[in-house]
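K.L.:
Sharing a structure, written as structure tokens. Questions coming.
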Amino acid sequence: MKKIILIAFLFTATIINAQEKKVPTISQTVEASCGQCKFGMTSKKGCDLAIRIDNKTYFVDGVNMNSQGDAHGHDGMCNVVRKAQVVGTIKDDRFIASSFKLLPMEGEKHDEHDGHKH
């Protein structure tokens, strides 16, 4: 009887532990661009925002590529790979963004829009 209770207890503890696994939050600078045009992703048609972390690409949920400027402009996501500071999680091979900030391109001039002067 003690063995049955012990086995039941261990089984319950294992199930509870498995349910409490948290998905790690990612907070880092990544490469960002059009998944299809620049990263060669083929699982979807069209143009969709994607990021690359450790040489693996993920489509991004929670951010629209067009909200980052003209995707087909000279510095747009369909034409160049940009750097972005992101916060989020990876779920089902997709990056779920809670924060996405596109960083200025190297050599790109900017003014006081970021709250600082040169």
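Just so we're on the same page: first chain in the structure tokens is A, next is B, and so on; residues restart at 1 for each chain, and ligands are numbered from 1 in the order they show up.
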Could you go through stretch 9-113 of chain A and tell me which residues DSSP, when run on the backbone, assigns to helix (DSSP H, G or I), listing them as number ranges by chain?

P.N.:
A: 9-19, 65-68, 112-113

K.L.:
Now that the selection is made, can you save its residues with N, CA and C atoms as a PDB file, in the first residue's frame?

P.N.:
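Contents of part13.pdb, as written:
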```
ATOM      1  N   PHE A   9       2.072   9.591  -5.582  1.00  0.00           N
ATOM      2  CA  PHE A   9       2.639  10.884  -5.227  1.00  0.00           C
ATOM      3  C   PHE A   9       3.677  11.329  -6.257  1.00  0.00           C
ATOM      4  N   LEU A  10       4.586  10.432  -6.638  1.00  0.00           N
ATOM      5  CA  LEU A  10       5.612  10.764  -7.622  1.00  0.00           C
ATOM      6  C   LEU A  10       5.003  11.084  -8.982  1.00  0.00           C
ATOM      7  N   PHE A  11       3.991  10.339  -9.373  1.00  0.00           N
ATOM      8  CA  PHE A  11       3.303  10.583 -10.636  1.00  0.00           C
ATOM      9  C   PHE A  11       2.654  11.974 -10.640  1.00  0.00           C
ATOM     10  N   THR A  12       1.971  12.307  -9.546  1.00  0.00           N
ATOM     11  CA  THR A  12       1.326  13.619  -9.423  1.00  0.00           C
ATOM     12  C   THR A  12       2.369  14.732  -9.442  1.00  0.00           C
ATOM     13  N   ALA A  13       3.469  14.562  -8.721  1.00  0.00           N
ATOM     14  CA  ALA A  13       4.526  15.572  -8.685  1.00  0.00           C
ATOM     15  C   ALA A  13       5.132  15.776 -10.073  1.00  0.00           C
ATOM     16  N   THR A  14       5.295  14.700 -10.819  1.00  0.00           N
ATOM     17  CA  THR A  14       5.843  14.793 -12.170  1.00  0.00           C
ATOM     18  C   THR A  14       4.906  15.565 -13.087  1.00  0.00           C
ATOM     19  N   ILE A  15       3.627  15.298 -13.012  1.00  0.00           N
ATOM     20  CA  ILE A  15       2.640  16.000 -13.838  1.00  0.00           C
ATOM     21  C   ILE A  15       2.614  17.482 -13.487  1.00  0.00           C
ATOM     22  N   ILE A  16       2.615  17.813 -12.223  1.00  0.00           N
ATOM     23  CA  ILE A  16       2.591  19.216 -11.806  1.00  0.00           C
ATOM     24  C   ILE A  16       3.848  19.919 -12.288  1.00  0.00           C
ATOM     25  N   ASN A  17       5.002  19.286 -12.164  1.00  0.00           N
ATOM     26  CA  ASN A  17       6.255  19.883 -12.609  1.00  0.00           C
ATOM     27  C   ASN A  17       6.238  20.118 -14.113  1.00  0.00           C
ATOM     28  N   ALA A  18       5.703  19.206 -14.873  1.00  0.00           N
ATOM     29  CA  ALA A  18       5.649  19.339 -16.330  1.00  0.00           C
ATOM     30  C   ALA A  18       4.755  20.499 -16.733  1.00  0.00           C
ATOM     31  N   GLN A  19       3.691  20.758 -16.002  1.00  0.00           N
ATOM     32  CA  GLN A  19       2.783  21.843 -16.325  1.00  0.00           C
ATOM     33  C   GLN A  19       3.361  23.203 -15.964  1.00  0.00           C
ATOM     34  N   MET A  65       5.031  43.998 -40.380  1.00  0.00           N
ATOM     35  CA  MET A  65       6.214  44.478 -41.085  1.00  0.00           C
ATOM     36  C   MET A  65       6.009  45.889 -41.626  1.00  0.00           C
ATOM     37  N   ASN A  66       4.822  46.218 -42.098  1.00  0.00           N
ATOM     38  CA  ASN A  66       4.574  47.542 -42.653  1.00  0.00           C
ATOM     39  C   ASN A  66       4.572  48.639 -41.603  1.00  0.00           C
ATOM     40  N   SER A  67       4.448  48.259 -40.326  1.00  0.00           N
ATOM     41  CA  SER A  67       4.528  49.270 -39.266  1.00  0.00           C
ATOM     42  C   SER A  67       5.976  49.709 -39.050  1.00  0.00           C
ATOM     43  N   GLN A  68       6.917  49.047 -39.704  1.00  0.00           N
ATOM     44  CA  GLN A  68       8.331  49.373 -39.590  1.00  0.00           C
ATOM     45  C   GLN A  68       8.824  50.211 -40.770  1.00  0.00           C
ATOM     46  N   GLU A 112      16.984  64.520 -33.423  1.00  0.00           N
ATOM     47  CA  GLU A 112      16.583  64.478 -32.018  1.00  0.00           C
ATOM     48  C   GLU A 112      15.382  63.571 -31.776  1.00  0.00           C
ATOM     49  N   HIS A 113      14.962  62.805 -32.770  1.00  0.00           N
ATOM     50  CA  HIS A 113      13.770  61.963 -32.610  1.00  0.00           C
ATOM     51  C   HIS A 113      13.909  60.916 -31.510  1.00  0.00           C
TER      52      HIS A 113
END
```

K.L.:
Give the answer as one residue: which of A:Met105, A:Asp75, A:Gly40, A:Ile51 has the shortest atom-to-atom distance to A:Gly88, using only C-alpha atoms?

P.N.:
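Ranking A:Met105, A:Asp75, A:Gly40, A:Ile51 by distance to A:Gly88, first place goes to A:Ile51.
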
K.L.:
What's the 7 Å shell around A:Phe100, counting only C-alpha atoms, without same-chain residues fewer than 2 positions away, as a PyMOL selection string?

P.N.:
chain A and resi 84-87+97-98+102

K.L.:
Please write the residues from the selection above to a file, keeping C-alpha atoms, as an mmCIF file, in the first residue's frame.

P.N.:
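The resulting file, again-v8.cif, is shown below:
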```cif
data_model
loop_
_atom_site.group_PDB
_atom_site.id
_atom_site.type_symbol
_atom_site.label_atom_id
_atom_site.label_comp_id
_atom_site.auth_asym_id
_atom_site.auth_seq_id
_atom_site.Cartn_x
_atom_site.Cartn_y
_atom_site.Cartn_z
ATOM 1 C CA ALA A 84 16.186 44.971 -34.036
ATOM 2 C CA GLN A 85 15.978 44.826 -30.263
ATOM 3 C CA VAL A 86 13.288 42.276 -29.387
ATOM 4 C CA VAL A 87 11.609 40.811 -26.342
ATOM 5 C CA ALA A 97 6.939 39.590 -29.777
ATOM 6 C CA SER A 98 6.051 41.634 -26.725
ATOM 7 C CA LEU A 102 13.990 48.429 -35.271
#
```

K.L.:
Check the smallest atom-to-atom distance from each of A:Lys22, A:Asp93, A:Glu31, A:Cys47 to A:Asp70 using only C-alpha atoms, then report the winner.

P.N.:
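Of A:Lys22, A:Asp93, A:Glu31, A:Cys47, the one nearest A:Asp70, counting only C-alpha atoms, is A:Cys47.
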
K.L.:
Tell me, in Å to one decimal, how far atom CA of A:Ile26 is from atom CA of A:His74.

P.N.:
29.3 Å

K.L.:
If you count only C-alpha atoms, which residues fall within 8 Å of A:Arg94, apart from same-chain ones fewer than 3 positions away, as a CSV table (one decimal) with C-alpha atoms, in the first residue's frame?

P.N.:
```
chain,number,residue,atom,x,y,z
A,58,TYR,CA,11.2,32.6,-37.1
A,59,PHE,CA,8.2,34.5,-38.4
A,60,VAL,CA,7.1,37.2,-36.0
A,61,ASP,CA,3.7,37.5,-34.4
A,90,ILE,CA,9.3,31.2,-29.2
A,91,LYS,CA,6.2,29.1,-29.5
```

K.L.:
Just checking: using only C-alpha atoms, which residue out of A:Gly46, A:Gly76, A:Gly62, A:Pro24 ends up closest to A:Pro104?

P.N.:
A:Gly76
